[in-house]
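Enquirer: This is start_22.cif (mmCIF, C-alpha atoms).
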data_start
#
loop_
_atom_site.group_PDB
_atom_site.id
_atom_site.type_symbol
_atom_site.label_atom_id
_atom_site.label_comp_id
_atom_site.auth_asym_id
_atom_site.auth_seq_id
_atom_site.Cartn_x
_atom_site.Cartn_y
_atom_site.Cartn_z
ATOM 1 C CA MET A 1 0.000 0.000 0.000
ATOM 2 C CA SER A 2 1.341 3.398 -0.986
ATOM 3 C CA ASN A 3 1.646 6.250 1.501
ATOM 4 C CA ARG A 4 -1.204 8.007 -0.266
ATOM 5 C CA ASP A 5 -3.488 4.968 -0.023
ATOM 6 C CA TYR A 6 -2.524 4.556 3.615
ATOM 7 C CA ARG A 7 -3.390 8.176 4.401
ATOM 8 C CA GLU A 8 -6.740 7.870 2.605
ATOM 9 C CA ALA A 9 -7.575 4.652 4.434
ATOM 10 C CA THR A 10 -6.633 6.237 7.751
ATOM 11 C CA GLN A 11 -8.761 9.299 7.045
ATOM 12 C CA ASN A 12 -11.715 7.121 6.020
ATOM 13 C CA LEU A 13 -11.371 5.162 9.255
ATOM 14 C CA ILE A 14 -11.285 8.373 11.306
ATOM 15 C CA THR A 15 -14.371 9.673 9.476
ATOM 16 C CA ALA A 16 -16.233 6.396 9.996
ATOM 17 C CA ARG A 17 -15.374 6.351 13.695
ATOM 18 C CA ALA A 18 -16.547 9.941 14.062
ATOM 19 C CA SER A 19 -19.829 9.065 12.343
ATOM 20 C CA VAL A 20 -20.377 6.059 14.597
ATOM 21 C CA GLY A 21 -19.488 8.160 17.631
ATOM 22 C CA GLY A 22 -22.045 10.754 16.612
ATOM 23 C CA LEU A 23 -24.741 8.108 16.227
ATOM 24 C CA ILE A 24 -23.909 6.652 19.639
ATOM 25 C CA ALA A 25 -24.078 10.102 21.220
ATOM 26 C CA LYS A 26 -27.477 10.767 19.616
ATOM 27 C CA ARG A 27 -28.766 7.403 20.823
ATOM 28 C CA GLN A 28 -27.562 8.111 24.353
ATOM 29 C CA GLU A 29 -29.256 11.522 24.278
ATOM 30 C CA LEU A 30 -32.492 9.875 23.105
ATOM 31 C CA GLU A 31 -32.315 7.252 25.867
ATOM 32 C CA VAL A 32 -31.778 9.960 28.491
ATOM 33 C CA ARG A 33 -34.733 11.948 27.150
ATOM 34 C CA LEU A 34 -36.965 8.866 27.062
ATOM 35 C CA ARG A 35 -36.030 7.981 30.647
ATOM 36 C CA ARG A 36 -36.729 11.560 31.728
ATOM 37 C CA ASP A 37 -40.107 11.545 29.943
ATOM 38 C CA ALA A 38 -41.007 8.163 31.453
ATOM 39 C CA GLN A 39 -40.095 9.398 34.925
ATOM 40 C CA ALA A 40 -42.209 12.523 34.452
ATOM 41 C CA GLU A 41 -45.146 10.425 33.225
ATOM 42 C CA ARG A 42 -44.879 8.084 36.217
ATOM 43 C CA SER A 43 -44.882 11.114 38.511
ATOM 44 C CA ILE A 44 -48.054 12.452 36.872
ATOM 45 C CA ILE A 45 -49.722 9.038 37.099
ATOM 46 C CA SER A 46 -48.805 8.805 40.784
ATOM 47 C CA GLN A 47 -50.393 12.212 41.420
ATOM 48 C CA ILE A 48 -53.539 11.128 39.562
ATOM 49 C CA ALA A 49 -53.766 7.947 41.653
ATOM 50 C CA ASN A 50 -53.534 10.003 44.840
ATOM 51 C CA ARG A 51 -56.331 12.335 43.687
ATOM 52 C CA ALA A 52 -58.699 9.781 42.166
ATOM 53 C CA SER A 53 -61.528 8.620 44.407
ATOM 54 C CA SER A 54 -62.570 5.568 42.381
ATOM 55 C CA LEU A 55 -61.488 3.336 39.506
ATOM 56 C CA ARG A 56 -63.834 5.252 37.224
ATOM 57 C CA ASP A 57 -62.254 8.546 38.267
ATOM 58 C CA LEU A 58 -58.753 7.095 37.855
ATOM 59 C CA ILE A 59 -59.462 5.849 34.328
ATOM 60 C CA ALA A 60 -61.063 9.151 33.306
ATOM 61 C CA GLN A 61 -58.104 11.202 34.530
ATOM 62 C CA LEU A 62 -55.607 8.828 32.912
ATOM 63 C CA GLY A 63 -57.522 9.174 29.658
ATOM 64 C CA ASP A 64 -57.180 12.960 29.802
ATOM 65 C CA VAL A 65 -53.405 12.706 30.284
ATOM 66 C CA ILE A 66 -52.999 10.158 27.489
ATOM 67 C CA SER A 67 -55.093 12.241 25.102
ATOM 68 C CA SER A 68 -52.921 15.272 25.834
ATOM 69 C CA THR A 69 -49.791 13.282 24.914
ATOM 70 C CA ASN A 70 -51.402 11.792 21.772
ATOM 71 C CA LYS A 71 -51.096 8.211 23.038
ATOM 72 C CA SER A 72 -54.329 6.794 21.689
ATOM 73 C CA GLY A 73 -53.586 3.104 22.026
ATOM 74 C CA PRO A 74 -51.061 0.349 21.468
ATOM 75 C CA SER A 75 -49.065 0.522 18.243
ATOM 76 C CA PHE A 76 -50.337 -2.905 17.182
ATOM 77 C CA ALA A 77 -53.985 -2.401 18.207
ATOM 78 C CA ARG A 78 -56.514 -4.418 16.241
ATOM 79 C CA GLY A 79 -60.264 -4.077 16.341
ATOM 80 C CA PHE A 80 -61.088 -5.169 19.881
ATOM 81 C CA GLU A 81 -64.698 -5.945 18.942
ATOM 82 C CA ILE A 82 -63.629 -9.101 17.094
ATOM 83 C CA ALA A 83 -62.342 -10.524 20.388
ATOM 84 C CA ARG A 84 -65.803 -10.718 21.949
ATOM 85 C CA GLY A 85 -66.145 -14.166 23.523
ATOM 86 C CA LYS A 86 -62.519 -15.003 22.706
ATOM 87 C CA LEU A 87 -60.470 -13.084 25.279
ATOM 88 C CA LEU A 88 -58.018 -15.122 27.310
ATOM 89 C CA ARG A 89 -58.973 -15.542 30.947
ATOM 90 C CA PRO A 90 -56.493 -13.486 32.978
ATOM 91 C CA ALA A 91 -56.293 -16.208 35.638
ATOM 92 C CA ASN A 92 -57.716 -19.622 36.422
ATOM 93 C CA GLY A 93 -60.425 -19.792 39.034
ATOM 94 C CA GLN A 94 -64.130 -19.616 39.762
ATOM 95 C CA VAL A 95 -66.250 -16.517 39.203
ATOM 96 C CA VAL A 96 -67.611 -15.596 42.646
ATOM 97 C CA THR A 97 -69.159 -12.221 41.760
ATOM 98 C CA ASN A 98 -70.986 -11.678 38.478
ATOM 99 C CA PHE A 99 -71.367 -8.444 36.545
ATOM 100 C CA GLY A 100 -74.318 -6.450 37.887
ATOM 101 C CA ALA A 101 -74.532 -8.397 41.149
ATOM 102 C CA ASP A 102 -75.646 -6.536 44.269
ATOM 103 C CA LEU A 103 -72.661 -5.586 46.423
ATOM 104 C CA ALA A 104 -72.610 -5.777 50.225
ATOM 105 C CA GLU A 105 -71.438 -2.164 50.413
ATOM 106 C CA GLY A 106 -74.211 -1.084 48.050
ATOM 107 C CA GLY A 107 -74.420 -0.599 44.318
ATOM 108 C CA LYS A 108 -73.866 -3.070 41.500
ATOM 109 C CA ALA A 109 -70.703 -4.871 40.428
ATOM 110 C CA SER A 110 -69.119 -3.162 37.419
ATOM 111 C CA GLY A 111 -67.054 -6.252 36.634
ATOM 112 C CA ILE A 112 -66.570 -9.846 37.726
ATOM 113 C CA THR A 113 -64.447 -11.333 40.506
ATOM 114 C CA ILE A 114 -62.444 -14.519 39.920
ATOM 115 C CA ARG A 115 -61.314 -16.460 42.983
ATOM 116 C CA THR A 116 -57.865 -17.766 42.107
ATOM 117 C CA ARG A 117 -55.156 -19.265 44.333
ATOM 118 C CA ALA A 118 -52.155 -17.857 46.147
ATOM 119 C CA ARG A 119 -49.476 -16.692 43.695
ATOM 120 C CA ALA A 120 -51.649 -17.566 40.695
ATOM 121 C CA GLN A 121 -50.209 -16.150 37.486
ATOM 122 C CA VAL A 122 -52.129 -13.312 35.843
ATOM 123 C CA VAL A 123 -51.807 -12.864 32.065
ATOM 124 C CA SER A 124 -52.948 -10.235 29.594
ATOM 125 C CA PRO A 125 -56.288 -11.158 27.981
ATOM 126 C CA TYR A 126 -55.403 -9.166 24.838
ATOM 127 C CA ASP A 127 -52.691 -7.105 23.170
ATOM 128 C CA GLY A 128 -52.423 -3.620 24.633
ATOM 129 C CA ARG A 129 -50.468 -0.914 26.407
ATOM 130 C CA ILE A 130 -50.190 -0.659 30.180
ATOM 131 C CA GLU A 131 -51.558 2.704 31.314
ATOM 132 C CA PHE A 132 -51.394 2.094 35.051
ATOM 133 C CA ALA A 133 -49.589 -0.459 37.209
ATOM 134 C CA ALA A 134 -49.599 0.375 40.910
ATOM 135 C CA PRO A 135 -51.536 -0.126 44.154
ATOM 136 C CA PHE A 136 -54.769 1.874 44.277
ATOM 137 C CA ARG A 137 -57.021 2.418 47.292
ATOM 138 C CA SER A 138 -58.450 -0.860 48.597
ATOM 139 C CA TYR A 139 -58.129 -2.623 45.240
ATOM 140 C CA GLY A 140 -54.595 -3.884 45.786
ATOM 141 C CA ARG A 141 -52.302 -3.651 42.778
ATOM 142 C CA VAL A 142 -54.233 -2.462 39.735
ATOM 143 C CA LEU A 143 -53.386 -2.827 36.048
ATOM 144 C CA ILE A 144 -55.179 -0.779 33.388
ATOM 145 C CA ILE A 145 -54.587 -1.945 29.819
ATOM 146 C CA ASN A 146 -55.482 0.198 26.809
ATOM 147 C CA VAL A 147 -56.518 -2.256 24.074
ATOM 148 C CA GLY A 148 -57.405 0.379 21.478
ATOM 149 C CA THR A 149 -60.613 1.891 20.045
ATOM 150 C CA ASP A 150 -61.543 3.384 23.444
ATOM 151 C CA TYR A 151 -61.580 -0.005 25.214
ATOM 152 C CA ARG A 152 -59.728 -0.690 28.459
ATOM 153 C CA LEU A 153 -59.236 -3.771 30.613
ATOM 154 C CA VAL A 154 -58.928 -3.382 34.377
ATOM 155 C CA LEU A 155 -57.333 -6.097 36.524
ATOM 156 C CA ALA A 156 -57.281 -5.448 40.269
ATOM 157 C CA GLY A 157 -56.182 -7.349 43.345
ATOM 158 C CA LEU A 158 -52.758 -8.536 42.212
ATOM 159 C CA GLY A 159 -50.051 -9.022 44.803
ATOM 160 C CA ASN A 160 -47.211 -8.263 42.404
ATOM 161 C CA SER A 161 -46.816 -7.082 38.810
ATOM 162 C CA TYR A 162 -44.035 -7.497 36.248
ATOM 163 C CA VAL A 163 -44.997 -4.559 34.036
ATOM 164 C CA GLN A 164 -44.949 -0.769 34.188
ATOM 165 C CA ALA A 165 -46.900 2.092 32.652
ATOM 166 C CA GLY A 166 -46.100 2.658 28.988
ATOM 167 C CA GLN A 167 -45.136 -0.954 28.310
ATOM 168 C CA GLU A 168 -46.821 -2.818 25.458
ATOM 169 C CA VAL A 169 -47.929 -6.394 26.130
ATOM 170 C CA LEU A 170 -49.246 -9.298 24.079
ATOM 171 C CA ALA A 171 -52.195 -11.588 24.748
ATOM 172 C CA GLY A 172 -51.101 -14.329 27.135
ATOM 173 C CA GLU A 173 -48.072 -12.408 28.377
ATOM 174 C CA PRO A 174 -47.554 -12.741 32.159
ATOM 175 C CA LEU A 175 -48.416 -9.484 33.915
ATOM 176 C CA GLY A 176 -48.011 -10.467 37.544
ATOM 177 C CA GLU A 177 -49.238 -12.812 40.224
ATOM 178 C CA MET A 178 -51.735 -12.916 43.046
ATOM 179 C CA THR A 179 -50.681 -12.392 46.642
ATOM 180 C CA SER A 180 -48.986 -15.123 48.663
ATOM 181 C CA ASP A 181 -50.391 -13.676 51.912
ATOM 182 C CA ALA A 182 -52.566 -16.397 53.458
ATOM 183 C CA SER A 183 -54.654 -13.771 55.258
ATOM 184 C CA ILE A 184 -55.840 -12.255 51.952
ATOM 185 C CA ILE A 185 -58.366 -14.010 49.697
ATOM 186 C CA PRO A 186 -56.801 -14.156 46.184
ATOM 187 C CA ASP A 187 -59.694 -12.514 44.323
ATOM 188 C CA LEU A 188 -58.958 -10.979 40.919
ATOM 189 C CA TYR A 189 -61.362 -8.236 39.859
ATOM 190 C CA VAL A 190 -61.863 -7.920 36.092
ATOM 191 C CA GLU A 191 -63.537 -4.975 34.398
ATOM 192 C CA ILE A 192 -63.967 -4.065 30.730
ATOM 193 C CA ARG A 193 -64.710 -0.478 29.765
ATOM 194 C CA ARG A 194 -65.556 1.319 26.579
ATOM 195 C CA GLY A 195 -65.230 4.981 27.348
ATOM 196 C CA GLU A 196 -67.158 5.460 30.592
ATOM 197 C CA ALA A 197 -69.426 2.441 30.047
ATOM 198 C CA THR A 198 -68.718 -0.870 31.798
ATOM 199 C CA LEU A 199 -69.306 -4.110 29.883
ATOM 200 C CA ASP A 200 -70.019 -7.629 31.133
ATOM 201 C CA PRO A 201 -66.655 -9.475 31.056
ATOM 202 C CA SER A 202 -68.434 -12.852 30.936
ATOM 203 C CA GLN A 203 -69.576 -11.980 27.409
ATOM 204 C CA TRP A 204 -65.995 -11.297 26.347
ATOM 205 C CA LEU A 205 -63.853 -13.884 28.136
ATOM 206 C CA ALA A 206 -63.595 -17.340 26.595
ATOM 207 C CA GLY A 207 -65.054 -20.139 28.701
ATOM 208 C CA THR A 208 -66.806 -17.845 31.180
#
Starting from the file, give its structure as structure tokens.
Expert:
Amino acid sequence: MSNRDYREATQNLITARASVGGLIAKRQELEVRLRRDAQAERSIISQIANRASSLRDLIAQLGDVISSTNKSGPSFARGFEIARGKLLRPANGQVVTNFGADLAEGGKASGITIRTRARAQVVSPYDGRIEFAAPFRSYGRVLIINVGTDYRLVLAGLGNSYVQAGQEVLAGEPLGEMTSDASIIPDLYVEIRRGEATLDPSQWLAGT
């Protein structure tokens, strides 16, 4: 190799390294910004959870925040209506409270309650994006899943969750597990909402 060729090769290598370095720097900046945005979103969600007086109020306020950030639904959302009667059961167990049943504390049940077992695995009934994953009031750990076209799934009563707000999940993906505390009945509350309306989960879940 001539001196000229060597100099050209060296310069090309320097240029290539500089280009790669620039790309790495941009990626690092993007990761920092995404982490900062995610932290800010979690802070807002935490404030909403503290203010909300009910699941309905929580979902409504979350919807306002998501609308303001143009997050309408999961990137892979399909028409949720076609899943009627075909949704995966989030956990194995017996339904002990039906939709519309009279509640001891008054009012009607807006969802169903499945009595599972200690540490029973809870999976996502459908593809979606996690909007909320945290303890809320007396519901235990609550997961709210945006499944697109203004539909949301609510799972409440978990002892532990593996997911966080903003994460996209697939049908059948493990989301968490029920409590291992023997003093707590492992009841999983399941609610399906379209906008502000609650729907009967037994008409949507397979084998219910």
Enquirer: What's the separation between atom CA of Gly85 of chain A and atom CA of Ala118 of chain A, in Å to one decimal place?
Expert: 26.9 Å
Enquirer: Between atom CA of Ile112 of chain A and atom CA of Ala165 of chain A, what is the distance in Å, rounded to a tenth?
Expert: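 Between these atoms lies a distance of 23.6 Å.
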Enquirer: Would you write out, as a VMD selection string, every residue that the PyMOL selection byres ((chain A and resi 154-162) around 9) captures in this file?
Expert: chain A and resid 55 90 111 119 122 133 to 136 138 to 145 152 to 153 163 to 164 174 to 181 186 to 193
Enquirer: Could you please determine the separation between atom CA of Gly79 of chain A and atom CA of Asn92 of chain A in Å, to one decimal place?
Expert: 25.5 Å
Enquirer: Give the padded box for segment 126-131 of chain A as lines of an AutoDock Vina configuration file: axis-aligned, covering all atoms listed in the file, 4 Å on each side, centre and edge lengths in Å to one decimal.
Expert:
center_x = -52.8
center_y = -3.2
center_z = 27.2
size_x = 13.2
size_y = 19.9
size_z = 16.1
Enquirer: Please write the residues picked by the PyMOL selection byres ((chain A and resi 147) around 8) on this file as a VMD selection string.
Expert: chain A and resid 73 to 74 77 80 126 to 129 145 to 146 148 to 153
Enquirer: Which polymer residues, protein or nucleic acid, are no farther than 7 Å from (-54.1, 11.6, 36.3), counting all atoms listed in the file, as a PDB file with C-alpha atoms, in the coordinates of the input?
Expert:
ATOM      1  CA  ILE A  44     -48.054  12.452  36.872  1.00  0.00           C
ATOM      2  CA  ILE A  45     -49.722   9.038  37.099  1.00  0.00           C
ATOM      3  CA  GLN A  47     -50.393  12.212  41.420  1.00  0.00           C
ATOM      4  CA  ILE A  48     -53.539  11.128  39.562  1.00  0.00           C
ATOM      5  CA  ALA A  49     -53.766   7.947  41.653  1.00  0.00           C
ATOM      6  CA  LEU A  58     -58.753   7.095  37.855  1.00  0.00           C
ATOM      7  CA  GLN A  61     -58.104  11.202  34.530  1.00  0.00           C
ATOM      8  CA  LEU A  62     -55.607   8.828  32.912  1.00  0.00           C
ATOM      9  CA  VAL A  65     -53.405  12.706  30.284  1.00  0.00           C
TER      10      VAL A  65
END
Enquirer: Could you pull the residues within 9 Å of Gly207 of chain A, counting all atoms listed in the file, minus those fewer than 4 positions along the same chain, as a ChimeraX atom specification?
Expert: /A:85-86,88-89,202
Enquirer: For the file shown, what are the residues hit by the PyMOL selection byres ((chain A and resi 171) around 6), laid out as a PyMOL selection string?
Expert: chain A and resi 124-127+170+172-173
Enquirer: Which of these, A:Ser183, A:Gly100, A:Ala91, A:Ile59, has the shortest distance to Leu199 of chain A once you count all atoms listed in the file?
Expert: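 For Leu199 of chain A, the nearest of the candidates is A:Gly100.
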Enquirer: From the options A:Gly63, A:Ile185, A:Gly93, A:Phe99, which residue's atoms come nearest to Gln121 of chain A, counting all atoms listed in the file?
Expert: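 Nearest candidate to Gln121 of chain A out of A:Gly63, A:Ile185, A:Gly93, A:Phe99: A:Gly93.
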Enquirer: Between A:Ala206, A:Ile130, A:Ala109, A:Ile184, which is the closest to Gln167 of chain A once you count all atoms listed in the file?
Expert: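 Of all the options, A:Ile130 lies closest to Gln167 of chain A.
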Enquirer: Between A:Ala60, A:Ile14, A:Ala182, A:Leu87, which is the closest to Gln203 of chain A once you count all atoms listed in the file?
Expert: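 That would be A:Leu87, the residue with the smallest distance to Gln203 of chain A.
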Enquirer: What would segment 92-104 of chain A look like with N, CA and C atoms in place, written as a PDB file, in the coordinates of the input?
Expert:
ATOM      1  N   ASN A  92     -56.822 -18.493  36.188  1.00  0.00           N
ATOM      2  CA  ASN A  92     -57.716 -19.622  36.422  1.00  0.00           C
ATOM      3  C   ASN A  92     -58.434 -19.444  37.754  1.00  0.00           C
ATOM      4  N   GLY A  93     -59.668 -19.894  37.797  1.00  0.00           N
ATOM      5  CA  GLY A  93     -60.425 -19.792  39.034  1.00  0.00           C
ATOM      6  C   GLY A  93     -61.912 -19.736  38.773  1.00  0.00           C
ATOM      7  N   GLN A  94     -62.673 -19.646  39.840  1.00  0.00           N
ATOM      8  CA  GLN A  94     -64.130 -19.616  39.762  1.00  0.00           C
ATOM      9  C   GLN A  94     -64.639 -18.189  39.913  1.00  0.00           C
ATOM     10  N   VAL A  95     -65.622 -17.834  39.088  1.00  0.00           N
ATOM     11  CA  VAL A  95     -66.250 -16.517  39.203  1.00  0.00           C
ATOM     12  C   VAL A  95     -67.147 -16.518  40.441  1.00  0.00           C
ATOM     13  N   VAL A  96     -66.843 -15.649  41.393  1.00  0.00           N
ATOM     14  CA  VAL A  96     -67.611 -15.596  42.646  1.00  0.00           C
ATOM     15  C   VAL A  96     -68.520 -14.368  42.714  1.00  0.00           C
ATOM     16  N   THR A  97     -68.268 -13.388  41.856  1.00  0.00           N
ATOM     17  CA  THR A  97     -69.159 -12.221  41.760  1.00  0.00           C
ATOM     18  C   THR A  97     -69.392 -11.930  40.286  1.00  0.00           C
ATOM     19  N   ASN A  98     -70.643 -11.926  39.869  1.00  0.00           N
ATOM     20  CA  ASN A  98     -70.986 -11.678  38.478  1.00  0.00           C
ATOM     21  C   ASN A  98     -71.211 -10.192  38.215  1.00  0.00           C
ATOM     22  N   PHE A  99     -71.101  -9.817  36.967  1.00  0.00           N
ATOM     23  CA  PHE A  99     -71.367  -8.444  36.545  1.00  0.00           C
ATOM     24  C   PHE A  99     -72.809  -8.077  36.900  1.00  0.00           C
ATOM     25  N   GLY A 100     -72.985  -6.926  37.530  1.00  0.00           N
ATOM     26  CA  GLY A 100     -74.318  -6.450  37.887  1.00  0.00           C
ATOM     27  C   GLY A 100     -74.856  -6.991  39.188  1.00  0.00           C
ATOM     28  N   ALA A 101     -74.068  -7.838  39.875  1.00  0.00           N
ATOM     29  CA  ALA A 101     -74.532  -8.397  41.149  1.00  0.00           C
ATOM     30  C   ALA A 101     -74.608  -7.310  42.213  1.00  0.00           C
ATOM     31  N   ASP A 102     -75.540  -7.474  43.152  1.00  0.00           N
ATOM     32  CA  ASP A 102     -75.646  -6.536  44.269  1.00  0.00           C
ATOM     33  C   ASP A 102     -74.428  -6.687  45.179  1.00  0.00           C
ATOM     34  N   LEU A 103     -73.835  -5.572  45.565  1.00  0.00           N
ATOM     35  CA  LEU A 103     -72.661  -5.586  46.423  1.00  0.00           C
ATOM     36  C   LEU A 103     -73.054  -5.328  47.869  1.00  0.00           C
ATOM     37  N   ALA A 104     -72.313  -5.929  48.796  1.00  0.00           N
ATOM     38  CA  ALA A 104     -72.610  -5.777  50.225  1.00  0.00           C
ATOM     39  C   ALA A 104     -72.532  -4.323  50.657  1.00  0.00           C
TER      40      ALA A 104
END
